[in-house]
file target02.txt (compact mmCIF, C-alpha atoms)
# COMPACT_ATOMS: atom_id res chain seq x y z
CA MET A 1 -46.59 35.84 1.43
CA ASP A 2 -47.89 32.82 3.27
CA SER A 3 -47.03 30.53 0.42
CA ALA A 4 -43.53 32.02 0.21
CA ILE A 5 -42.96 31.25 3.88
CA THR A 6 -44.35 27.76 3.46
CA ASN A 7 -42.09 27.23 0.46
CA THR A 8 -39.07 28.39 2.39
CA GLU A 9 -39.94 26.18 5.31
CA HIS A 10 -40.45 23.33 2.92
CA ALA A 11 -37.09 23.99 1.31
CA ILE A 12 -35.36 24.12 4.69
CA HIS A 13 -37.12 20.96 5.72
CA ALA A 14 -36.12 19.25 2.48
CA GLU A 15 -32.55 20.39 2.88
CA HIS A 16 -32.41 19.02 6.41
CA GLU A 17 -33.76 15.69 5.29
CA HIS A 18 -31.21 15.62 2.51
CA ALA A 19 -28.43 16.58 4.92
CA SER A 20 -29.18 13.59 7.11
CA LEU A 21 -27.79 11.17 4.50
CA PRO A 22 -24.49 9.61 5.59
CA GLN A 23 -22.95 10.58 2.22
CA HIS A 24 -24.11 14.17 2.74
CA ARG A 25 -23.71 15.41 6.30
CA HIS A 26 -25.11 18.82 7.10
CA HIS A 27 -21.73 20.55 7.32
CA PHE A 28 -20.90 19.79 3.67
CA GLU A 29 -22.39 21.74 0.77
CA THR A 30 -22.58 18.83 -1.67
CA GLU A 31 -21.96 15.10 -1.76
CA GLU A 32 -18.97 15.69 -4.05
CA GLN A 33 -17.43 18.02 -1.49
CA GLN A 34 -17.86 15.53 1.34
CA ARG A 35 -16.40 12.71 -0.76
CA GLU A 36 -13.39 14.78 -1.78
CA VAL A 37 -12.74 15.88 1.81
CA GLY A 38 -12.78 12.23 2.89
CA THR A 39 -10.41 11.19 0.10
CA PHE A 40 -8.11 14.11 0.89
CA GLY A 41 -7.96 13.18 4.57
CA MET A 42 -7.30 9.52 3.75
CA TRP A 43 -4.42 10.47 1.47
CA LEU A 44 -2.90 12.70 4.16
CA PHE A 45 -2.93 9.69 6.49
CA LEU A 46 -1.34 7.52 3.79
CA LEU A 47 1.41 10.13 3.31
CA THR A 48 2.38 9.74 6.98
CA GLU A 49 2.51 6.00 6.29
CA ILE A 50 4.81 6.60 3.33
CA MET A 51 7.16 8.51 5.66
CA PHE A 52 6.98 5.71 8.23
CA PHE A 53 7.76 2.84 5.85
CA GLY A 54 10.09 5.11 3.88
CA GLY A 55 12.30 5.44 6.97
CA LEU A 56 12.51 1.65 7.28
CA PHE A 57 13.31 1.26 3.56
CA PHE A 58 16.02 3.87 3.89
CA ALA A 59 17.57 2.14 6.92
CA TYR A 60 17.61 -1.07 4.88
CA LEU A 61 19.28 0.68 1.94
CA LEU A 62 22.09 2.12 4.08
CA TYR A 63 22.79 -1.03 6.12
CA ARG A 64 22.75 -3.17 2.99
CA ASN A 65 25.33 -0.86 1.50
CA TRP A 66 27.42 -1.02 4.66
CA TYR A 67 27.31 -4.78 5.39
CA TYR A 68 26.76 -5.92 1.84
CA PRO A 69 28.16 -9.51 2.09
CA ALA A 70 26.13 -10.24 5.25
CA PHE A 71 22.96 -8.84 3.71
CA ALA A 72 23.39 -10.79 0.47
CA VAL A 73 23.88 -14.14 2.22
CA ALA A 74 21.15 -13.56 4.81
CA SER A 75 18.69 -12.40 2.13
CA ASN A 76 19.30 -15.57 0.13
CA GLN A 77 17.97 -17.64 3.05
CA LEU A 78 14.47 -16.37 2.24
CA SER A 79 12.25 -18.45 -0.02
CA VAL A 80 11.57 -16.72 -3.35
CA PRO A 81 8.69 -19.11 -4.24
CA LEU A 82 6.90 -18.28 -0.95
CA GLY A 83 7.55 -14.57 -1.44
CA ALA A 84 6.28 -14.68 -5.03
CA PHE A 85 3.22 -16.69 -3.97
CA ASN A 86 2.47 -14.10 -1.30
CA THR A 87 2.88 -11.29 -3.83
CA VAL A 88 0.26 -12.96 -6.04
CA MET A 89 -2.02 -13.39 -2.99
CA LEU A 90 -1.74 -9.68 -2.16
CA ILE A 91 -2.31 -8.57 -5.76
CA SER A 92 -5.40 -10.84 -5.90
CA SER A 93 -6.61 -9.39 -2.61
CA GLY A 94 -6.11 -5.86 -3.97
CA PHE A 95 -7.95 -6.76 -7.18
CA CYS A 96 -10.94 -8.11 -5.19
CA MET A 97 -10.92 -4.95 -3.09
CA ALA A 98 -10.95 -2.79 -6.23
CA VAL A 99 -13.88 -4.76 -7.69
CA GLY A 100 -15.58 -4.43 -4.29
CA VAL A 101 -15.28 -0.63 -4.50
CA TRP A 102 -16.90 -0.80 -7.94
CA ALA A 103 -19.67 -3.04 -6.58
CA ALA A 104 -20.40 -0.50 -3.83
CA GLU A 105 -20.45 2.35 -6.35
CA VAL A 106 -22.94 0.58 -8.62
CA ARG A 107 -24.87 -0.63 -5.53
CA LYS A 108 -24.48 -4.39 -5.99
CA LYS A 109 -24.71 -5.52 -2.39
CA ASN A 110 -24.09 -9.26 -2.81
CA LEU A 111 -21.10 -8.74 -5.09
CA LEU A 112 -19.65 -6.25 -2.60
CA VAL A 113 -19.97 -8.73 0.28
CA LEU A 114 -18.45 -11.52 -1.85
CA MET A 115 -15.51 -9.32 -2.89
CA LEU A 116 -14.85 -8.21 0.69
CA ILE A 117 -14.85 -11.86 1.81
CA LEU A 118 -12.39 -12.77 -0.98
CA THR A 119 -10.22 -9.78 -0.04
CA THR A 120 -10.14 -11.07 3.55
CA PHE A 121 -9.45 -14.64 2.41
CA PHE A 122 -6.40 -13.70 0.31
CA GLY A 123 -5.19 -11.48 3.15
CA LEU A 124 -5.43 -14.37 5.61
CA VAL A 125 -3.56 -16.69 3.21
CA PHE A 126 -0.81 -14.07 3.06
CA ILE A 127 -0.59 -13.90 6.87
CA GLY A 128 -0.54 -17.71 7.04
CA VAL A 129 2.35 -18.02 4.59
CA LYS A 130 4.17 -15.28 6.48
CA GLY A 131 3.70 -17.37 9.64
CA VAL A 132 5.28 -20.38 7.90
CA GLU A 133 8.24 -18.23 6.87
CA TYR A 134 8.66 -16.80 10.38
CA HIS A 135 8.54 -20.30 11.84
CA GLU A 136 11.34 -21.40 9.53
CA LYS A 137 13.42 -18.45 10.75
CA TYR A 138 12.70 -19.51 14.34
CA GLU A 139 13.89 -23.05 13.69
CA ASN A 140 17.10 -21.78 12.06
CA HIS A 141 17.82 -19.36 14.94
CA HIS A 142 17.54 -16.42 12.56
CA ILE A 143 15.30 -14.31 14.81
CA PRO A 144 17.42 -11.49 16.30
CA GLY A 145 17.95 -11.76 20.03
CA ALA A 146 19.43 -14.21 22.53
CA ASP A 147 18.74 -17.25 20.32
CA PHE A 148 20.25 -15.75 17.19
CA SER A 149 22.98 -17.91 15.69
CA VAL A 150 25.47 -17.13 12.92
CA ALA A 151 26.41 -20.82 12.58
CA GLN A 152 24.83 -21.14 9.11
CA PHE A 153 26.77 -18.11 7.88
CA VAL A 154 30.25 -18.91 9.19
CA ASN A 155 29.99 -22.56 8.18
CA PRO A 156 27.37 -22.79 5.41
CA ALA A 157 28.72 -26.09 4.01
CA ALA A 158 27.84 -27.89 7.26
CA TYR A 159 24.20 -26.92 6.75
CA GLY A 160 24.09 -27.70 3.03
CA ILE A 161 23.94 -24.00 2.09
CA LYS A 162 25.72 -23.10 -1.15
CA GLU A 163 27.19 -19.79 -0.01
CA GLN A 164 30.69 -18.52 0.68
CA PRO A 165 31.38 -18.56 4.45
CA LEU A 166 31.45 -15.15 6.12
CA SER A 167 34.11 -14.04 8.57
CA PRO A 168 32.71 -14.13 12.15
CA ASP A 169 32.53 -10.34 12.45
CA MET A 170 30.72 -9.94 9.10
CA ALA A 171 28.44 -12.87 9.98
CA GLN A 172 27.32 -10.95 13.09
CA HIS A 173 25.84 -8.32 10.79
CA THR A 174 23.34 -10.81 9.35
CA GLU A 175 21.45 -10.11 12.59
CA ILE A 176 20.88 -6.54 11.36
CA TYR A 177 19.46 -7.90 8.11
CA PHE A 178 17.05 -10.14 10.01
CA PHE A 179 16.18 -7.33 12.40
CA LEU A 180 15.19 -5.15 9.44
CA TYR A 181 13.45 -8.11 7.78
CA PHE A 182 11.28 -8.68 10.86
CA ALA A 183 10.75 -4.96 11.48
CA MET A 184 9.63 -4.30 7.89
CA THR A 185 7.59 -7.44 7.20
CA GLY A 186 6.30 -7.35 10.79
CA MET A 187 5.02 -3.77 10.49
CA HIS A 188 3.55 -4.71 7.13
CA ALA A 189 1.85 -7.74 8.71
CA VAL A 190 0.50 -5.55 11.55
CA HIS A 191 -1.07 -3.31 8.89
CA MET A 192 -2.54 -6.42 7.22
CA ILE A 193 -4.01 -7.65 10.52
CA ILE A 194 -5.54 -4.23 11.26
CA GLY A 195 -6.94 -4.28 7.71
CA ILE A 196 -8.43 -7.75 8.17
CA VAL A 197 -10.11 -6.69 11.44
CA LEU A 198 -11.58 -3.68 9.61
CA LEU A 199 -12.67 -5.99 6.77
CA PHE A 200 -14.72 -8.13 9.19
CA TRP A 201 -16.45 -4.97 10.37
CA LEU A 202 -17.01 -3.77 6.78
CA ILE A 203 -18.38 -7.17 5.69
CA ARG A 204 -20.92 -7.03 8.52
CA ARG A 205 -21.99 -3.51 7.59
CA ALA A 206 -22.01 -4.26 3.83
CA ASN A 207 -24.18 -7.30 4.50
CA ARG A 208 -26.59 -5.02 6.38
CA GLY A 209 -26.82 -2.86 3.22
CA ASP A 210 -25.00 0.17 4.62
CA PHE A 211 -22.89 0.67 1.47
CA SER A 212 -25.32 -0.17 -1.32
CA SER A 213 -27.47 2.95 -1.33
CA GLY A 214 -24.97 5.61 -2.34
CA TYR A 215 -22.79 5.77 0.80
CA VAL A 216 -19.47 4.27 -0.32
CA ALA A 217 -16.88 6.38 1.54
CA PRO A 218 -15.86 3.71 4.12
CA ILE A 219 -15.37 1.15 1.33
CA GLU A 220 -13.43 3.59 -0.88
CA ASN A 221 -11.21 4.83 1.93
CA PHE A 222 -10.53 1.35 3.25
CA GLY A 223 -9.69 0.42 -0.35
CA LEU A 224 -7.06 3.18 -0.37
CA TYR A 225 -5.55 1.78 2.84
CA TRP A 226 -5.55 -1.80 1.56
CA HIS A 227 -3.92 -0.83 -1.74
CA PHE A 228 -1.30 1.14 0.17
CA VAL A 229 -0.41 -1.93 2.24
CA ASP A 230 -0.21 -3.78 -1.09
CA ILE A 231 2.25 -1.22 -2.47
CA VAL A 232 4.52 -1.55 0.58
CA TRP A 233 4.79 -5.27 -0.15
CA LEU A 234 5.49 -4.59 -3.85
CA PHE A 235 8.72 -2.95 -2.63
CA LEU A 236 9.46 -5.31 0.27
CA PHE A 237 9.42 -8.37 -1.99
CA PRO A 238 12.17 -7.33 -4.43
CA LEU A 239 14.27 -5.59 -1.76
CA LEU A 240 14.25 -8.37 0.83
CA TYR A 241 13.94 -11.47 -1.38
CA LEU A 242 15.18 -10.79 -4.89
CA ILE A 243 17.98 -8.28 -5.34
CA ASN A 244 20.73 -10.28 -3.65
CA ARG A 245 20.58 -13.45 -5.71
CA HIS A 246 23.67 -12.44 -7.67
CA PRO A 247 25.82 -10.41 -5.27
CA LEU A 248 28.62 -8.31 -6.69
CA HIS A 249 32.07 -9.55 -5.71
CA MET B 1 -34.74 30.18 -2.75
CA ALA B 2 -31.79 28.68 -1.01
CA HIS B 3 -30.90 26.44 -3.91
CA GLU B 4 -30.72 29.30 -6.41
CA ILE B 5 -27.78 30.81 -4.54
CA HIS B 6 -25.74 27.84 -5.68
CA THR B 7 -25.85 28.91 -9.31
CA ASP B 8 -24.64 32.47 -8.64
CA ALA B 9 -21.36 33.54 -10.20
CA ASN B 10 -20.15 34.61 -6.77
CA ASP B 11 -19.45 31.20 -5.32
CA ALA B 12 -18.33 32.21 -1.85
CA SER B 13 -19.20 28.88 -0.27
CA ASN B 14 -17.29 27.02 -2.99
CA VAL B 15 -20.16 24.86 -4.16
CA THR B 16 -19.97 25.05 -7.95
CA ASN B 17 -16.19 24.65 -7.86
CA PRO B 18 -15.34 22.56 -10.94
CA GLU B 19 -12.46 21.11 -8.94
CA HIS B 20 -14.98 19.09 -6.94
CA ALA B 21 -14.59 16.43 -9.57
CA GLN B 22 -17.44 14.21 -10.63
CA HIS B 23 -17.31 10.77 -9.09
CA HIS B 24 -15.60 8.72 -11.78
CA ILE B 25 -16.27 5.00 -11.57
CA VAL B 26 -13.45 2.75 -12.77
CA THR B 27 -14.86 -0.33 -14.51
CA PRO B 28 -14.03 -3.94 -13.57
CA LEU B 29 -12.54 -4.44 -17.04
CA GLN B 30 -9.93 -1.77 -16.29
CA TYR B 31 -9.24 -3.50 -12.97
CA CYS B 32 -8.73 -6.77 -14.86
CA TYR B 33 -6.12 -5.12 -17.13
CA VAL B 34 -4.31 -3.73 -14.07
CA PHE B 35 -4.51 -7.12 -12.32
CA ALA B 36 -3.06 -8.91 -15.37
CA THR B 37 -0.28 -6.32 -15.69
CA LEU B 38 0.64 -6.69 -12.01
CA LEU B 39 0.77 -10.49 -12.27
CA PHE B 40 2.84 -10.30 -15.47
CA PHE B 41 5.41 -7.96 -13.92
CA THR B 42 5.58 -10.07 -10.75
CA GLY B 43 6.63 -12.94 -13.01
CA VAL B 44 9.12 -10.72 -14.84
CA THR B 45 10.75 -9.48 -11.64
CA VAL B 46 11.19 -13.03 -10.26
CA TRP B 47 12.61 -14.20 -13.60
CA ALA B 48 14.98 -11.22 -13.80
CA ALA B 49 16.25 -11.87 -10.26
CA TYR B 50 17.77 -15.19 -11.38
CA LEU B 51 19.68 -13.63 -14.28
CA ASP B 52 23.15 -12.38 -13.42
CA LEU B 53 22.94 -8.74 -14.52
CA HIS B 54 25.49 -7.33 -12.02
CA TRP B 55 24.54 -3.81 -10.90
CA ALA B 56 21.38 -3.88 -13.04
CA ASN B 57 19.63 -6.51 -10.87
CA PRO B 58 18.49 -4.13 -8.11
CA VAL B 59 17.86 -1.34 -10.64
CA ILE B 60 15.49 -3.54 -12.68
CA ALA B 61 13.79 -4.91 -9.54
CA LEU B 62 13.15 -1.40 -8.20
CA ALA B 63 12.05 -0.06 -11.60
CA ILE B 64 9.47 -2.86 -11.91
CA ALA B 65 8.29 -2.32 -8.31
CA SER B 66 7.92 1.42 -8.94
CA PHE B 67 5.98 0.81 -12.15
CA LYS B 68 3.64 -1.60 -10.34
CA ALA B 69 3.17 0.91 -7.50
CA VAL B 70 2.32 3.68 -9.99
CA ILE B 71 -0.39 1.68 -11.75
CA VAL B 72 -1.85 0.62 -8.38
CA ILE B 73 -1.96 4.28 -7.29
CA LEU B 74 -3.39 5.51 -10.62
CA PHE B 75 -6.10 2.88 -11.13
CA PHE B 76 -6.76 0.77 -8.01
CA MET B 77 -6.54 3.93 -5.88
CA HIS B 78 -8.29 6.08 -8.53
CA ALA B 79 -5.60 8.79 -8.41
CA ALA B 80 -5.88 9.25 -12.19
CA TYR B 81 -9.50 10.37 -11.81
CA GLN B 82 -9.23 12.59 -8.75
CA SER B 83 -9.28 16.38 -8.55
CA ARG B 84 -6.08 18.38 -8.86
CA LEU B 85 -6.06 18.89 -5.08
CA ILE B 86 -5.77 15.15 -4.45
CA LYS B 87 -3.21 14.67 -7.24
CA MET B 88 -1.10 17.50 -5.83
CA THR B 89 -1.37 16.01 -2.34
CA ILE B 90 -0.13 12.61 -3.51
CA GLY B 91 2.65 14.20 -5.56
CA ALA B 92 3.68 16.44 -2.66
CA GLY B 93 3.94 13.42 -0.34
CA PHE B 94 6.27 11.51 -2.63
CA PHE B 95 8.26 14.68 -3.36
CA MET B 96 8.67 15.26 0.38
CA PHE B 97 9.91 11.70 0.81
CA LEU B 98 12.40 12.28 -2.02
CA VAL B 99 13.64 15.46 -0.31
CA LEU B 100 14.18 13.59 2.97
CA VAL B 101 16.03 10.76 1.21
CA THR B 102 18.23 13.22 -0.70
CA MET B 103 19.14 15.15 2.45
CA THR B 104 19.93 11.97 4.41
CA MET B 105 21.95 10.58 1.49
CA SER B 106 23.99 13.76 1.12
CA ASP B 107 24.76 13.64 4.84
CA TYR B 108 25.71 9.95 4.68
CA ILE B 109 27.84 10.34 1.55
CA SER B 110 29.71 13.44 2.70
CA ARG B 111 30.64 12.34 6.23
CA SER B 112 33.51 9.99 5.48
CA TRP B 113 34.23 10.64 1.85
CA GLY B 114 35.15 7.49 -0.04
CA LEU B 115 34.18 5.10 2.79
CA TRP B 116 30.65 4.35 1.61
call {"tool": "encode", "arguments": {"input": "target02.txt", "output": "C-alpha cells"}}
result
Amino acid sequence: MDSAITNTEHAIHAEHEHASLPQHRHHFETEEQQREVGTFGMWLFLLTEIMFFGGLFFAYLLYRNWYYPAFAVASNQLSVPLGAFNTVMLISSGFCMAVGVWAAEVRKKNLLVLMLILTTFFGLVFIGVKGVEYHEKYENHHIPGADFSVAQFVNPAAYGIKEQPLSPDMAQHTEIYFFLYFAMTGMHAVHMIIGIVLLFWLIRRANRGDFSSGYVAPIENFGLYWHFVDIVWLFLFPLLYLINRHPLH
Amino acid sequence: MAHEIHTDANDASNVTNPEHAQHHIVTPLQYCYVFATLLFFTGVTVWAAYLDLHWANPVIALAIASFKAVIVILFFMHAAYQSRLIKMTIGAGFFMFLVLVTMTMSDYISRSWGLW
C-alpha cells in the first residue's frame, strides 16, 4: 500500500517535471498535441492575412481592369531587374529560414543561429532595394499626394520614356496604380520589418540555446510567417512589375 | 498508473489520436530542390514577361506564381506533412478567399452589364 502511494506520488512528480518543459506545458496531453495546436493557431492567423492581402490584390485586379492604359504605362515605370533581384533575395531568405527550422529540429544550435542571421541579412537587402525603388518614385513625383505629377505620362517623349502618351484624364488614374503599388508593397514591407525585428529576438534566444533542446515551436511558427510574407511577394512581383510589359491594344 | 490510461481504447482525452501526426522533419536536400525550383521559375516568369503573348502574359505569370506559392506552402511550410486538421484549415482559408472573390466579381460584373 505504502509503495503504491509512493509510486503514484512519484508518477505525479515525474509528470509535473515533464510538464514543465516549454514544448510540453501542463495543459497539453502530449508534445505532439501542443505542437499541432500551435501550428493550427499560426495557420488561423495566416488565413486572416490571406484575407487582408487578398482584398488589396482584388482592388488591384478591378482597378487595373477599369483604368487599363494608365495601369500598363505606370507599371512599366518599375524596374524589372530590381524586382527580380528582390524576388531572388526573398527566396534565398525563405530557403535559409527553412534550413534554420531543420537545424532547430535536429538541435544544431550554431547552424540555426547562422541561418537566422542569413535570413535577416537577405531580408534587410530586400528592404534596402525597396528603399532605392521608393526613392526613385519620389524623385519622379510618382508618390500619390500633393507632389504627384502626371507629366511623364501625358508627355513621355520629353522624359525619354518609350510609351504612348495618355490623355490627361486617363493619366490621372496612374495615381491609383501608384497608390495601390505603395499600399501593397508598403504593407508587405511592414510585414518584413516586423519579421526582421522578431528575427533579432529569435537570434538572441537561439544563441542562448533556447531552441536546440527540443523546443522548436517559435522557430517553426515564425518560419510559417516568414514564408507567408514570401508568398505575398511571389504574387506582387508578377502583378505589379511583369504583366503589363505587352499591353493589349 | 496514470500513464496506462493513455493506452485505453476509450480515448476520452484524445491522447492516442492518430491525427496528432508525428513530427515529420523535412531534410535540407528537399529544401534545396524547392529553392532551385523557385529560382528556375523566377527566371521563367521574367523571361515570359518580355514575350508578347497577348492575353496569355498575365495568365502565365499568375500560373507560375501560384505554382511557386503551392510548393512553398507544401514544403517550406510543411503543409504536405501536417495532420488532416491543418490541411483542411489551409484549404478552407483559400476556399473562403475564392468564395469572397467570386461573390465580389459577380457583383462587379452584373452591375453595368457590358461596361467592364
call {"tool": "closest_residue", "arguments": {"input": "target02.txt", "among": "B:Ala63, B:Leu115, B:Val70, B:Pro28", "to": "Asn65 in chain A", "atoms": "only C-alpha atoms"}}
result
B:Leu115
call {"tool": "residues_near_point", "arguments": {"input": "target02.txt", "point": "(-19.8, 11.4, -3.6)", "cutoff": "7 Å", "atoms": "all atoms listed in the file", "output": "mmCIF file with C-alpha atoms, keeping the file's coordinate frame"}}
result
data_model
loop_
_atom_site.group_PDB
_atom_site.id
_atom_site.type_symbol
_atom_site.label_atom_id
_atom_site.label_comp_id
_atom_site.auth_asym_id
_atom_site.auth_seq_id
_atom_site.Cartn_x
_atom_site.Cartn_y
_atom_site.Cartn_z
ATOM 1 C CA GLN A 23 -22.950 10.580 2.220
ATOM 2 C CA GLU A 31 -21.960 15.100 -1.760
ATOM 3 C CA GLU A 32 -18.970 15.690 -4.050
ATOM 4 C CA GLN A 34 -17.860 15.530 1.340
ATOM 5 C CA ARG A 35 -16.400 12.710 -0.760
ATOM 6 C CA HIS B 23 -17.310 10.770 -9.090
#
call {"tool": "closest_residue", "arguments": {"input": "target02.txt", "among": "A:Leu82, A:Gly41, A:Gly94, A:Ser20", "to": "Val229 in chain A", "atoms": "all atoms listed in the file"}}
result
A:Gly94
call {"tool": "closest_residue", "arguments": {"input": "target02.txt", "among": "A:Ala98, A:Met115, A:Ile161, A:Val232", "to": "Val34 in chain B", "atoms": "only C-alpha atoms"}}
result
A:Ala98
call {"tool": "closest_atom_pairs", "arguments": {"input": "target02.txt", "of": "chain A", "to": "chain B", "cutoff": "9 Å", "atoms": "only C-alpha atoms", "output": "JSON lines"}}
result
{"residue": "A:Asn7", "atom": "CA", "partner": "B:Met1", "partner_atom": "CA", "distance": 8.5}
{"residue": "A:Thr8", "atom": "CA", "partner": "B:Met1", "partner_atom": "CA", "distance": 7.0}
{"residue": "A:Ala11", "atom": "CA", "partner": "B:Ala2", "partner_atom": "CA", "distance": 7.4}
{"residue": "A:Ile12", "atom": "CA", "partner": "B:Ala2", "partner_atom": "CA", "distance": 8.1}
{"residue": "A:Glu29", "atom": "CA", "partner": "B:Val15", "partner_atom": "CA", "distance": 6.2}
{"residue": "A:Thr30", "atom": "CA", "partner": "B:Val15", "partner_atom": "CA", "distance": 7.0}
{"residue": "A:Glu32", "atom": "CA", "partner": "B:His20", "partner_atom": "CA", "distance": 6.0}
{"residue": "A:Gln33", "atom": "CA", "partner": "B:His20", "partner_atom": "CA", "distance": 6.1}
{"residue": "A:Arg35", "atom": "CA", "partner": "B:His23", "partner_atom": "CA", "distance": 8.6}
{"residue": "A:Glu36", "atom": "CA", "partner": "B:His20", "partner_atom": "CA", "distance": 6.9}
{"residue": "A:Thr39", "atom": "CA", "partner": "B:Ile86", "partner_atom": "CA", "distance": 7.6}
{"residue": "A:Phe40", "atom": "CA", "partner": "B:Ile86", "partner_atom": "CA", "distance": 5.9}
{"residue": "A:Trp43", "atom": "CA", "partner": "B:Ile90", "partner_atom": "CA", "distance": 6.9}
{"residue": "A:Leu44", "atom": "CA", "partner": "B:Thr89", "partner_atom": "CA", "distance": 7.5}
{"residue": "A:Leu46", "atom": "CA", "partner": "B:Gly93", "partner_atom": "CA", "distance": 8.9}
{"residue": "A:Leu47", "atom": "CA", "partner": "B:Gly93", "partner_atom": "CA", "distance": 5.5}
{"residue": "A:Thr48", "atom": "CA", "partner": "B:Gly93", "partner_atom": "CA", "distance": 8.3}
{"residue": "A:Ile50", "atom": "CA", "partner": "B:Phe97", "partner_atom": "CA", "distance": 7.6}
{"residue": "A:Met51", "atom": "CA", "partner": "B:Phe97", "partner_atom": "CA", "distance": 6.4}
{"residue": "A:Gly54", "atom": "CA", "partner": "B:Phe97", "partner_atom": "CA", "distance": 7.3}
{"residue": "A:Gly55", "atom": "CA", "partner": "B:Val101", "partner_atom": "CA", "distance": 8.7}
{"residue": "A:Phe58", "atom": "CA", "partner": "B:Val101", "partner_atom": "CA", "distance": 7.4}
{"residue": "A:Leu62", "atom": "CA", "partner": "B:Tyr108", "partner_atom": "CA", "distance": 8.6}
{"residue": "A:Asn65", "atom": "CA", "partner": "B:Trp116", "partner_atom": "CA", "distance": 7.4}
{"residue": "A:Trp66", "atom": "CA", "partner": "B:Trp116", "partner_atom": "CA", "distance": 7.0}
{"residue": "A:Val80", "atom": "CA", "partner": "B:Val46", "partner_atom": "CA", "distance": 7.8}
{"residue": "A:Pro81", "atom": "CA", "partner": "B:Val46", "partner_atom": "CA", "distance": 8.9}
{"residue": "A:Ala84", "atom": "CA", "partner": "B:Val46", "partner_atom": "CA", "distance": 7.4}
{"residue": "A:Thr87", "atom": "CA", "partner": "B:Thr42", "partner_atom": "CA", "distance": 7.5}
{"residue": "A:Val88", "atom": "CA", "partner": "B:Leu39", "partner_atom": "CA", "distance": 6.7}
{"residue": "A:Ile91", "atom": "CA", "partner": "B:Phe35", "partner_atom": "CA", "distance": 7.1}
{"residue": "A:Ser92", "atom": "CA", "partner": "B:Phe35", "partner_atom": "CA", "distance": 7.5}
{"residue": "A:Gly94", "atom": "CA", "partner": "B:Phe76", "partner_atom": "CA", "distance": 7.8}
{"residue": "A:Phe95", "atom": "CA", "partner": "B:Phe35", "partner_atom": "CA", "distance": 6.2}
{"residue": "A:Met97", "atom": "CA", "partner": "B:Phe76", "partner_atom": "CA", "distance": 8.6}
{"residue": "A:Ala98", "atom": "CA", "partner": "B:Phe76", "partner_atom": "CA", "distance": 5.8}
{"residue": "A:Val99", "atom": "CA", "partner": "B:Pro28", "partner_atom": "CA", "distance": 5.9}
{"residue": "A:Trp102", "atom": "CA", "partner": "B:Ile25", "partner_atom": "CA", "distance": 6.9}
{"residue": "A:Glu105", "atom": "CA", "partner": "B:Ile25", "partner_atom": "CA", "distance": 7.2}
{"residue": "A:Val106", "atom": "CA", "partner": "B:Ile25", "partner_atom": "CA", "distance": 8.5}
{"residue": "A:Glu220", "atom": "CA", "partner": "B:Met77", "partner_atom": "CA", "distance": 8.5}
{"residue": "A:Gly223", "atom": "CA", "partner": "B:Met77", "partner_atom": "CA", "distance": 7.3}
{"residue": "A:Leu224", "atom": "CA", "partner": "B:Met77", "partner_atom": "CA", "distance": 5.6}
{"residue": "A:His227", "atom": "CA", "partner": "B:Met77", "partner_atom": "CA", "distance": 6.8}
{"residue": "A:Phe228", "atom": "CA", "partner": "B:Ile73", "partner_atom": "CA", "distance": 8.1}
{"residue": "A:Asp230", "atom": "CA", "partner": "B:Ala69", "partner_atom": "CA", "distance": 8.6}
{"residue": "A:Ile231", "atom": "CA", "partner": "B:Ala69", "partner_atom": "CA", "distance": 5.5}
{"residue": "A:Val232", "atom": "CA", "partner": "B:Ala69", "partner_atom": "CA", "distance": 8.6}
{"residue": "A:Leu234", "atom": "CA", "partner": "B:Ala65", "partner_atom": "CA", "distance": 5.7}
{"residue": "A:Phe235", "atom": "CA", "partner": "B:Ala65", "partner_atom": "CA", "distance": 5.7}
{"residue": "A:Phe237", "atom": "CA", "partner": "B:Ala65", "partner_atom": "CA", "distance": 8.8}
{"residue": "A:Pro238", "atom": "CA", "partner": "B:Ala61", "partner_atom": "CA", "distance": 5.9}
{"residue": "A:Leu239", "atom": "CA", "partner": "B:Pro58", "partner_atom": "CA", "distance": 7.8}
{"residue": "A:Leu242", "atom": "CA", "partner": "B:Ala49", "partner_atom": "CA", "distance": 5.6}
{"residue": "A:Ile243", "atom": "CA", "partner": "B:Pro58", "partner_atom": "CA", "distance": 5.0}
{"residue": "A:Asn244", "atom": "CA", "partner": "B:Pro58", "partner_atom": "CA", "distance": 7.9}
{"residue": "A:Arg245", "atom": "CA", "partner": "B:Ala49", "partner_atom": "CA", "distance": 6.5}
{"residue": "A:His246", "atom": "CA", "partner": "B:Asp52", "partner_atom": "CA", "distance": 5.8}
{"residue": "A:Pro247", "atom": "CA", "partner": "B:His54", "partner_atom": "CA", "distance": 7.4}
{"residue": "A:Leu248", "atom": "CA", "partner": "B:His54", "partner_atom": "CA", "distance": 6.3}
call {"tool": "atom_distance", "arguments": {"input": "target02.txt", "atom1": "CA of Glu133 in chain A", "atom2": "CA of Leu114 in chain A"}}
result
28.9 Å
call {"tool": "residues_around", "arguments": {"input": "target02.txt", "residues": "Ser167 in chain A", "least_positions_apart": "3", "cutoff": "7 Å", "atoms": "only C-alpha atoms", "output": "list in words"}}
result
Val154, Met170 and Ala171 of chain A
call {"tool": "decode", "arguments": {"input": "target02.txt", "residues": "range 84-89 of chain B", "atoms": "N, CA and C atoms", "output": "compact mmCIF listing (two decimals), in the first residue's frame"}}
result
# COMPACT_ATOMS: atom_id res chain seq x y z
N ARG B 84 -4.52 16.08 -40.96
CA ARG B 84 -5.64 16.47 -41.82
C ARG B 84 -6.31 17.75 -41.32
N LEU B 85 -6.30 17.96 -40.00
CA LEU B 85 -6.88 19.18 -39.45
C LEU B 85 -6.21 20.42 -40.05
N ILE B 86 -4.87 20.41 -40.06
CA ILE B 86 -4.14 21.58 -40.58
C ILE B 86 -4.36 21.71 -42.08
N LYS B 87 -4.33 20.58 -42.79
CA LYS B 87 -4.54 20.65 -44.25
C LYS B 87 -5.92 21.21 -44.57
N MET B 88 -6.92 20.75 -43.82
CA MET B 88 -8.29 21.25 -44.03
C MET B 88 -8.37 22.75 -43.72
N THR B 89 -7.66 23.17 -42.68
CA THR B 89 -7.68 24.59 -42.29
C THR B 89 -7.12 25.45 -43.42
